[in-house]
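> Here's a structure for you.
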Amino acid sequence: MNDSQRNIVDLLVIGAGPAGVAAAIAAQECGLTVLLVDENPQAGGQVYKALPTGFTRSRGSSVSKEARLGDQLRESLIRTEIDCCFGHKVWNVGSSLRVDLLGPQGVSTWQPRALLVATGTTERVVPFTGWTTPGVIGLAAATLLLKSQNILPGRRTVVAGAGPLLLAVANAILKAGGEVTALVDLASRGEWLRTLPSLVGRPVLMWDGLSWQARLRWAGVPIYYRHGVRSVTQLGSGGLCVRVGQVDDRGMPLQGVEIDIEADTLAVGHGLVPSTDISRLLRARHKYVPQQGGWIAESDEGGRTSVPGLYVAGDGASIAGAAAAGLQGKLVALACAVDLGFVKEDQIKREKSELQSQWHKSARFGKAMAGLMAMRSGAVAGIEPDTIVCRCEDVTRAEIDAAAREGARDINQLKAWTRCGMGPCQGRTCGDVAGSLLAQHVGARQDVGYFTGRAPLRPISLAEVAGEYTYADIPIPKAAPL
Amino acid sequence: MKTSELSSTGFYDAIVIGGGVMGCSTALHLAQGGMRVALIDRGPLCREASGVNAGTLTMHMTRAALIPYAMRSWQMWMDAEKWLGKGVLATHVPGLTLAFTETECELVELRAKARREYGAPIEVISPQRAREIEPGLHPGLLKAGYCEIDGFASAYLTGRAFHHALLGANVTVLENAPVHAIDTGDAGHRIQFTVAGQRQIMTARRVVLAGGVWIENMLAWLGVNIPIKVLINQLIVTERIRPVMRSVLSVANGLLSLKQFANGTVLIGGGWQGDGDREHGGREARPQNLIGNMRLASYAVPALAEARIARIWLGLEAETADAMPIIGDVPGIPDAFVVGSAHSGYTSGPFMGRIIAQHILGLTPDLPLFDPARLVGLPIPSV
Amino acid sequence: MIVDANTLRVDGIDRGSPVSFTLNGRVVQAYAGESVAAALFSQGVRTLRHSPSTNLPRGMFCLMGSCQECLVWVESRKQPSCQLPVSQGLTVETLDYREAQHE
């Protein structure tokens, strides 16, 4: 996709995962001009991430349901001829909803009438001693390695943390012929059983869950329920020693036996966090809902945020799973089409009502999983003082506690006092945990707030912004007085 | 701040409204002078201009007439550990102001001369000499102004430093406590504010308005009309990069400030304007001005081109109608004072807080104040 | 699906052409299109940089371009290696290596 002379479009969708793609197609069907933007080379988001360009599945090899859904999603984009900007990062969004992109050919700008942010989630990892050791990766990272790159995370991998990704990663490793040295789950068996009602009416998911459990048992994988990772240390051989111990139902480490497990790789994750970079940058109102992922933009059932023209959909709006995301994408596209005057509310009333009821059914499972992934206060409370919390800036828990004791009251004040969140990741990796730590001193998590959104949304170099120029090209405003 | 301390009305010798560097310095010096002082801000200390500025401690970009104030204040920043306790990593390095065109060469000469007259040791040097001081400069450099007295601080550390010092000096510090009104009468000033959802009142014999761009609103509480201009300055900081510069750099047209901190990050400023206003604060950067600022920066130091930007933000800077600070008695209101709105206010802040405090304490200020009366009703000149 | 016993690469996939790239001048074998991060991680190269204050080893973590831990240099661009596809002759340098060049 090259720049056009007039980069104007009715709806710009950021994020080509299930929500974004569904929204783009539905919007185009309503007559809107649409541009779909994603930093990856192909559509699919994280959940349906494509194989690397140039890779194909071997003839005769089994194709997972997920892979098939991903292929269908990508095919639907080609079939509907949606305009796409792949390999483009959004580095800034203006209050007029102007979107600044950085692509292979440099920077470009688009001005949509409406902006849909469907950027999904990032992974939360609650720190523990040695979590920054090379060889420790996220569960979502392990999923990407397995599903997209088709590479095992290690010869021997410990899979730890909480949520559905635990089982998914362990299963994928076993299916690929690798070894799951141990599965370490903050949840109890009981917590998993309590999600069973959400599987009612979803026989495929139920079957997946049962077959995954069976596979784990058959492979003899040691499973430690109500356990968490205490520490990771590098071994002389180059491997890792993963120490695990019991935790209570809040994730707080308990006194008791600690078990040392040797492995090459630790894949660990404690839930998914909705990406709110753009909604925070645009100063939309947010609310704190742990069962939906934490801080999320306030939105109505049409995905409308408190910023006119800004919509959100998918897991980035509220965690409800991939199936629900696709349905929500459609709903939001319809809402946008009404708002922009392309269709009338009563024209889409029936379709909307059907989609909503389908969404409720689909979301049930995703929401139950989101519940399992909600941050556990005990896991945060159990972080050792000398453990790094902000990876970018090397800020430890002790430094955060000291700032809190000295009087830091909100997360942005904490940032100014400790540099926590000032690094290149802009607090995406540490924000949840840092906020929770501060809240332990201040009170309610809501009162601590969230990091103020700032451009650039992803790091961009001066050269990339400045482009080619001579000194005379610099637009110099009036010189300062003497 | 414990709520139990608030429930009593508390009569203070002085209440300072506005917890930026000016207000904090004023409060600290008043307390050290023996007064019972409260400092109140609608947010956390030093989170507006004082916490988000470029931290440049330079004579090059300070208005010529303010050089004597800036030089004394520069020394205070360098000695911050002595009077502030925690420092702000104030670092003494030389400063170069650069000329890349003939017009800029003339500006360098003019600006150096004007500042020398006020006591700044600025000399004009050749590009060769400039490159000895700063090897990474653009080869197209024509001329430079050089000042040995220059440097920078990490502005974001200022809040924590003052917080610590003020509590140590027994100043009552009230953060996240917006003030609504001031009632002035025979009993002194009654300050109405809200904290933790509760309306409260504090009374003091004296009130000091140190609200930066909001001085205009504060003076309005007292029925005084002095327009204050609001500048919305854009700032850019890079990720940590290898050492590429070791001085503070500016350009003769006044539109660039550049410095590299010990942690390797480079802060790019220069007063390029973004969008925002007094009511809503800084809203967003203007893309053209981001491009301009970055071009100027990567022109001056070509090695910066590869650096990735970590963050862009905005800060509100105050300016009066005649571009000189407003420091002194609030016209027509007894025991009411105002301090602020100085260009390069961060550089001069500590010293300006000291002199207004001296004045309030009945001492002779180290340097003359800037009578607010001159500004009453004076409109901001249109561009 | 059976894993090729010699590498961590999973069978059942027709990969892009086998290519080589360099990391700090050292030749690394991989397949065109894989991410540099995945290719290196699978071969046991997991340290890419060191942390700012504590100088401890850091490497791949989120693999989705968010955490900025797996940064590398390719010519004048610093970028996450998890978003950098392998191509024949790609010259990749770690941050420490590039910095040492300037000294």
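Here, A, B, ... name the chains of the structure tokens in the order displayed, residue numbers run from 1 inside each chain, and ligands are numbered from 1 in the same displayed order.
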Running DSSP on the backbone, which parts of range 36-77 of chain C land in strand (DSSP E or B), as a list of chain:residue names?
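DSSP on the backbone gives strand (DSSP E or B) at C:Arg49, C:His50, C:Pro57, C:Arg58, C:Leu71, C:Val72, C:Trp73, C:Val74, C:Arg77.
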> Distance cut-off 10 Å, counting only C-alpha atoms - which residues of chain C neighbour chain B? Return them as a ChimeraX atom specification.
/C:52-53,75-79,95-96,98-100,102-103
> For the residues in the current selection, export C-alpha atoms as a compact mmCIF listing (two decimals), in the first residue's frame.

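Dumped everything to part.txt:
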# COMPACT_ATOMS: atom_id res chain seq x y z
CA PRO C 52 21.38 -0.13 32.22
CA SER C 53 22.38 0.05 35.89
CA GLU C 75 22.87 -0.50 9.74
CA SER C 76 21.46 2.71 11.13
CA ARG C 77 18.30 1.20 12.59
CA LYS C 78 17.93 -0.05 16.11
CA GLN C 79 14.98 -2.41 16.29
CA LEU C 95 24.10 -2.93 21.14
CA ASP C 96 27.32 -3.60 23.03
CA ARG C 98 28.04 -1.44 18.01
CA GLU C 99 29.01 0.74 20.93
CA ALA C 100 32.45 -0.86 21.04
CA HIS C 102 32.70 3.72 18.28
CA GLU C 103 35.38 3.59 20.92
> Find the residues in chain C near chain A: any atom within 8 Å counts, using only C-alpha atoms. Write them as a PyMOL selection string.
chain C and resi 1-3+8-16+32-35+38+41-42+46-47+51-54+57-64+66-69+77+83
> May I have the residues of chain B within 7 Å of chain A, counting only C-alpha atoms, written as a ChimeraX atom specification?
/B:63-64,111,156-157,160,239,253-255,284,291-292,294-296,305-313
> Please list as a PyMOL selection string every residue within 7 Å of Phe351 in chain B, counting only C-alpha atoms and excluding residues in the same chain fewer than 5 positions away.
chain B and resi 69+72-73
> Taking all heavy atoms for each residue, export the selection above as a PDB file, in the first residue's frame.

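out_22.pdb, written as the output of this step:
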ATOM      1  N   TYR B  69      20.533  36.989  37.916  1.00  0.00           N
ATOM      2  CA  TYR B  69      19.691  36.085  38.702  1.00  0.00           C
ATOM      3  C   TYR B  69      20.019  34.626  38.351  1.00  0.00           C
ATOM      4  O   TYR B  69      20.148  33.781  39.234  1.00  0.00           O
ATOM      5  CB  TYR B  69      18.207  36.363  38.408  1.00  0.00           C
ATOM      6  CG  TYR B  69      17.795  37.763  38.763  1.00  0.00           C
ATOM      7  CD1 TYR B  69      18.086  38.845  37.928  1.00  0.00           C
ATOM      8  CD2 TYR B  69      17.104  38.023  39.957  1.00  0.00           C
ATOM      9  CE1 TYR B  69      17.723  40.133  38.273  1.00  0.00           C
ATOM     10  CE2 TYR B  69      16.720  39.300  40.302  1.00  0.00           C
ATOM     11  CZ  TYR B  69      17.042  40.366  39.452  1.00  0.00           C
ATOM     12  OH  TYR B  69      16.677  41.634  39.792  1.00  0.00           O
ATOM     13  N   ARG B  72      23.388  33.411  39.875  1.00  0.00           N
ATOM     14  CA  ARG B  72      23.310  33.054  41.289  1.00  0.00           C
ATOM     15  C   ARG B  72      22.519  31.756  41.475  1.00  0.00           C
ATOM     16  O   ARG B  72      22.839  30.910  42.299  1.00  0.00           O
ATOM     17  CB  ARG B  72      22.654  34.178  42.095  1.00  0.00           C
ATOM     18  CG  ARG B  72      23.597  35.304  42.408  1.00  0.00           C
ATOM     19  CD  ARG B  72      22.815  36.495  42.966  1.00  0.00           C
ATOM     20  NE  ARG B  72      23.677  37.583  43.365  1.00  0.00           N
ATOM     21  CZ  ARG B  72      24.318  38.389  42.522  1.00  0.00           C
ATOM     22  NH1 ARG B  72      24.207  38.208  41.216  1.00  0.00           N
ATOM     23  NH2 ARG B  72      25.078  39.367  42.984  1.00  0.00           N
ATOM     24  N   SER B  73      21.465  31.615  40.668  1.00  0.00           N
ATOM     25  CA  SER B  73      20.631  30.433  40.780  1.00  0.00           C
ATOM     26  C   SER B  73      21.375  29.190  40.307  1.00  0.00           C
ATOM     27  O   SER B  73      21.242  28.114  40.870  1.00  0.00           O
ATOM     28  CB  SER B  73      19.349  30.614  39.967  1.00  0.00           C
ATOM     29  OG  SER B  73      18.285  29.949  40.584  1.00  0.00           O
TER      30      SER B  73
END
> If you count only C-alpha atoms, which residues fall within 12 Å of Thr305 in chain A, apart from same-chain ones fewer than 5 positions away, as a list of chain:residue names?
A:Ala114, A:Leu115, A:Leu116, A:Val117, A:Thr276, A:Ile278, A:Ser279, A:Arg280, A:Leu282, A:Arg283, A:Ala284, A:Arg285, A:His286, A:Lys287, A:Ile296, A:Ala297, A:Glu298, A:Ser299, A:Asp300, A:Leu310, A:Tyr311, A:Val312, A:Ala313, A:Ala317, A:Val332, A:Ala335, A:Cys336
> Within 9 Å of Ala370 in chain A, counting only C-alpha atoms, which residues show up once you throw out same-chain ones fewer than 5 positions away? Write them as an mmCIF file with all heavy atoms, in the first residue's frame, please.

data_model
loop_
_atom_site.group_PDB
_atom_site.id
_atom_site.type_symbol
_atom_site.label_atom_id
_atom_site.label_comp_id
_atom_site.auth_asym_id
_atom_site.auth_seq_id
_atom_site.Cartn_x
_atom_site.Cartn_y
_atom_site.Cartn_z
ATOM 1 N N GLY A 163 -3.578 -19.036 33.814
ATOM 2 C CA GLY A 163 -4.444 -18.769 32.676
ATOM 3 C C GLY A 163 -4.375 -19.848 31.600
ATOM 4 O O GLY A 163 -3.589 -20.792 31.675
ATOM 5 N N PRO A 164 -5.207 -19.696 30.587
ATOM 6 C CA PRO A 164 -5.331 -20.719 29.549
ATOM 7 C C PRO A 164 -4.067 -20.918 28.722
ATOM 8 O O PRO A 164 -3.863 -22.000 28.166
ATOM 9 C CB PRO A 164 -6.480 -20.196 28.679
ATOM 10 C CG PRO A 164 -6.551 -18.744 28.965
ATOM 11 C CD PRO A 164 -6.114 -18.557 30.378
ATOM 12 N N GLY A 271 -1.138 -13.672 32.769
ATOM 13 C CA GLY A 271 -2.330 -13.003 32.276
ATOM 14 C C GLY A 271 -2.032 -12.014 31.158
ATOM 15 O O GLY A 271 -0.880 -11.708 30.857
ATOM 16 N N LEU A 272 -3.072 -11.550 30.551
ATOM 17 C CA LEU A 272 -2.960 -10.605 29.443
ATOM 18 C C LEU A 272 -3.497 -9.247 29.861
ATOM 19 O O LEU A 272 -4.437 -9.145 30.647
ATOM 20 C CB LEU A 272 -3.739 -11.130 28.232
ATOM 21 C CG LEU A 272 -3.239 -12.476 27.682
ATOM 22 C CD1 LEU A 272 -4.147 -12.962 26.568
ATOM 23 C CD2 LEU A 272 -1.809 -12.361 27.192
ATOM 24 N N PRO A 290 -10.336 -5.570 37.043
ATOM 25 C CA PRO A 290 -9.367 -6.672 37.031
ATOM 26 C C PRO A 290 -9.857 -7.890 36.249
ATOM 27 O O PRO A 290 -9.077 -8.543 35.568
ATOM 28 C CB PRO A 290 -9.196 -7.025 38.512
ATOM 29 C CG PRO A 290 -9.729 -5.871 39.264
ATOM 30 C CD PRO A 290 -10.673 -5.133 38.388
ATOM 31 N N GLN A 291 -11.162 -8.173 36.319
ATOM 32 C CA GLN A 291 -11.678 -9.380 35.648
ATOM 33 C C GLN A 291 -11.711 -9.236 34.131
ATOM 34 O O GLN A 291 -11.967 -10.209 33.433
ATOM 35 C CB GLN A 291 -13.089 -9.698 36.151
ATOM 36 C CG GLN A 291 -13.170 -9.943 37.647
ATOM 37 C CD GLN A 291 -12.227 -11.052 38.097
ATOM 38 O OE1 GLN A 291 -12.188 -12.114 37.505
ATOM 39 N NE2 GLN A 291 -11.463 -10.795 39.141
ATOM 40 N N GLN A 292 -11.496 -8.023 33.648
ATOM 41 C CA GLN A 292 -11.483 -7.833 32.197
ATOM 42 C C GLN A 292 -10.083 -7.480 31.689
ATOM 43 O O GLN A 292 -9.923 -7.104 30.538
ATOM 44 C CB GLN A 292 -12.483 -6.737 31.800
ATOM 45 C CG GLN A 292 -13.931 -7.201 31.990
ATOM 46 C CD GLN A 292 -14.932 -6.089 31.752
ATOM 47 O OE1 GLN A 292 -14.656 -5.169 30.986
ATOM 48 N NE2 GLN A 292 -16.069 -6.170 32.410
ATOM 49 N N GLY A 293 -9.089 -7.573 32.583
ATOM 50 C CA GLY A 293 -7.713 -7.348 32.178
ATOM 51 C C GLY A 293 -7.014 -6.220 32.904
ATOM 52 O O GLY A 293 -5.808 -6.051 32.779
ATOM 53 N N ILE A 319 -11.084 -8.281 27.842
ATOM 54 C CA ILE A 319 -10.699 -9.633 27.436
ATOM 55 C C ILE A 319 -11.917 -10.555 27.407
ATOM 56 O O ILE A 319 -12.566 -10.765 28.430
ATOM 57 C CB ILE A 319 -9.614 -10.193 28.372
ATOM 58 C CG1 ILE A 319 -8.363 -9.311 28.287
ATOM 59 C CG2 ILE A 319 -9.262 -11.623 27.967
ATOM 60 C CD1 ILE A 319 -7.246 -9.722 29.215
ATOM 61 N N ALA A 320 -12.202 -11.086 26.222
ATOM 62 C CA ALA A 320 -13.330 -12.004 26.090
ATOM 63 C C ALA A 320 -13.029 -13.100 25.081
ATOM 64 O O ALA A 320 -13.919 -13.866 24.723
ATOM 65 C CB ALA A 320 -14.590 -11.234 25.684
ATOM 66 N N GLY A 321 -11.798 -13.160 24.593
ATOM 67 C CA GLY A 321 -11.421 -14.247 23.704
ATOM 68 C C GLY A 321 -11.561 -13.923 22.223
ATOM 69 O O GLY A 321 -12.197 -12.950 21.827
ATOM 70 N N PHE A 365 -16.810 -17.989 27.644
ATOM 71 C CA PHE A 365 -15.587 -18.729 27.905
ATOM 72 C C PHE A 365 -14.408 -17.781 28.064
ATOM 73 O O PHE A 365 -13.613 -17.899 29.006
ATOM 74 C CB PHE A 365 -15.327 -19.719 26.756
ATOM 75 C CG PHE A 365 -14.022 -20.435 26.873
ATOM 76 C CD1 PHE A 365 -13.837 -21.379 27.874
ATOM 77 C CD2 PHE A 365 -12.971 -20.160 26.020
ATOM 78 C CE1 PHE A 365 -12.622 -22.040 28.008
ATOM 79 C CE2 PHE A 365 -11.759 -20.822 26.143
ATOM 80 C CZ PHE A 365 -11.588 -21.762 27.149
#
> Any idea what's packed within 6 Å of Thr121 in chain A, counting only C-alpha atoms, ignoring anything in its chain fewer than 2 positions away? Could you give it as a PDB file with C-alpha atoms, in the first residue's frame?

ATOM      1  CA  LEU A 272      -2.960 -10.605  29.443  1.00  0.00           C
ATOM      2  CA  VAL A 273      -3.237  -6.847  29.669  1.00  0.00           C
ATOM      3  CA  PRO A 274      -5.377  -4.879  27.213  1.00  0.00           C
ATOM      4  CA  SER A 275      -3.282  -2.475  25.133  1.00  0.00           C
ATOM      5  CA  GLY A 316      -7.847  -4.668  23.818  1.00  0.00           C
TER       6      GLY A 316
END
> For Asp277 in chain B, find every residue with an atom within 9 Å (counting only C-alpha atoms), except residues of its own chain fewer than 6 positions away, and show them as an MDAnalysis selection string.
chainID B and resid 230:232 283 316
> In Å, rounded to a single decimal, give me how far CA of Ala54 in chain B is from CA of Pro325 in chain B.
19.2 Å
> Going by DSSP on the backbone, which bits of chain C are helix (DSSP H, G or I)? Write them as a ChimeraX atom specification, please.
/C:36-42,81-83,95-102
> Could you turn the residues from that selection into a file that holds C-alpha atoms, as a compact mmCIF listing (two decimals), in the first residue's frame?

# COMPACT_ATOMS: atom_id res chain seq x y z
CA VAL C 36 16.24 -13.01 13.99
CA ALA C 37 15.19 -13.37 17.63
CA ALA C 38 13.68 -16.82 17.08
CA ALA C 39 16.64 -17.99 15.02
CA LEU C 40 19.12 -16.89 17.68
CA PHE C 41 17.05 -18.10 20.62
CA SER C 42 16.73 -21.56 19.15
CA SER C 81 15.02 -8.56 16.63
CA CYS C 82 11.67 -10.29 17.14
CA GLN C 83 10.29 -8.09 14.35
CA LEU C 95 24.10 -2.93 21.14
CA ASP C 96 27.32 -3.60 23.03
CA TYR C 97 29.14 -4.58 19.85
CA ARG C 98 28.04 -1.44 18.01
CA GLU C 99 29.01 0.74 20.93
CA ALA C 100 32.45 -0.86 21.04
CA GLN C 101 32.93 0.07 17.36
CA HIS C 102 32.70 3.72 18.28
> Would you compute the distance between CA of Val34 in chain A and CA of Asp10 in chain A? Give it in Å to one decimal.
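CA of Asp10 in chain A lies 6.1 Å from CA of Val34 in chain A.
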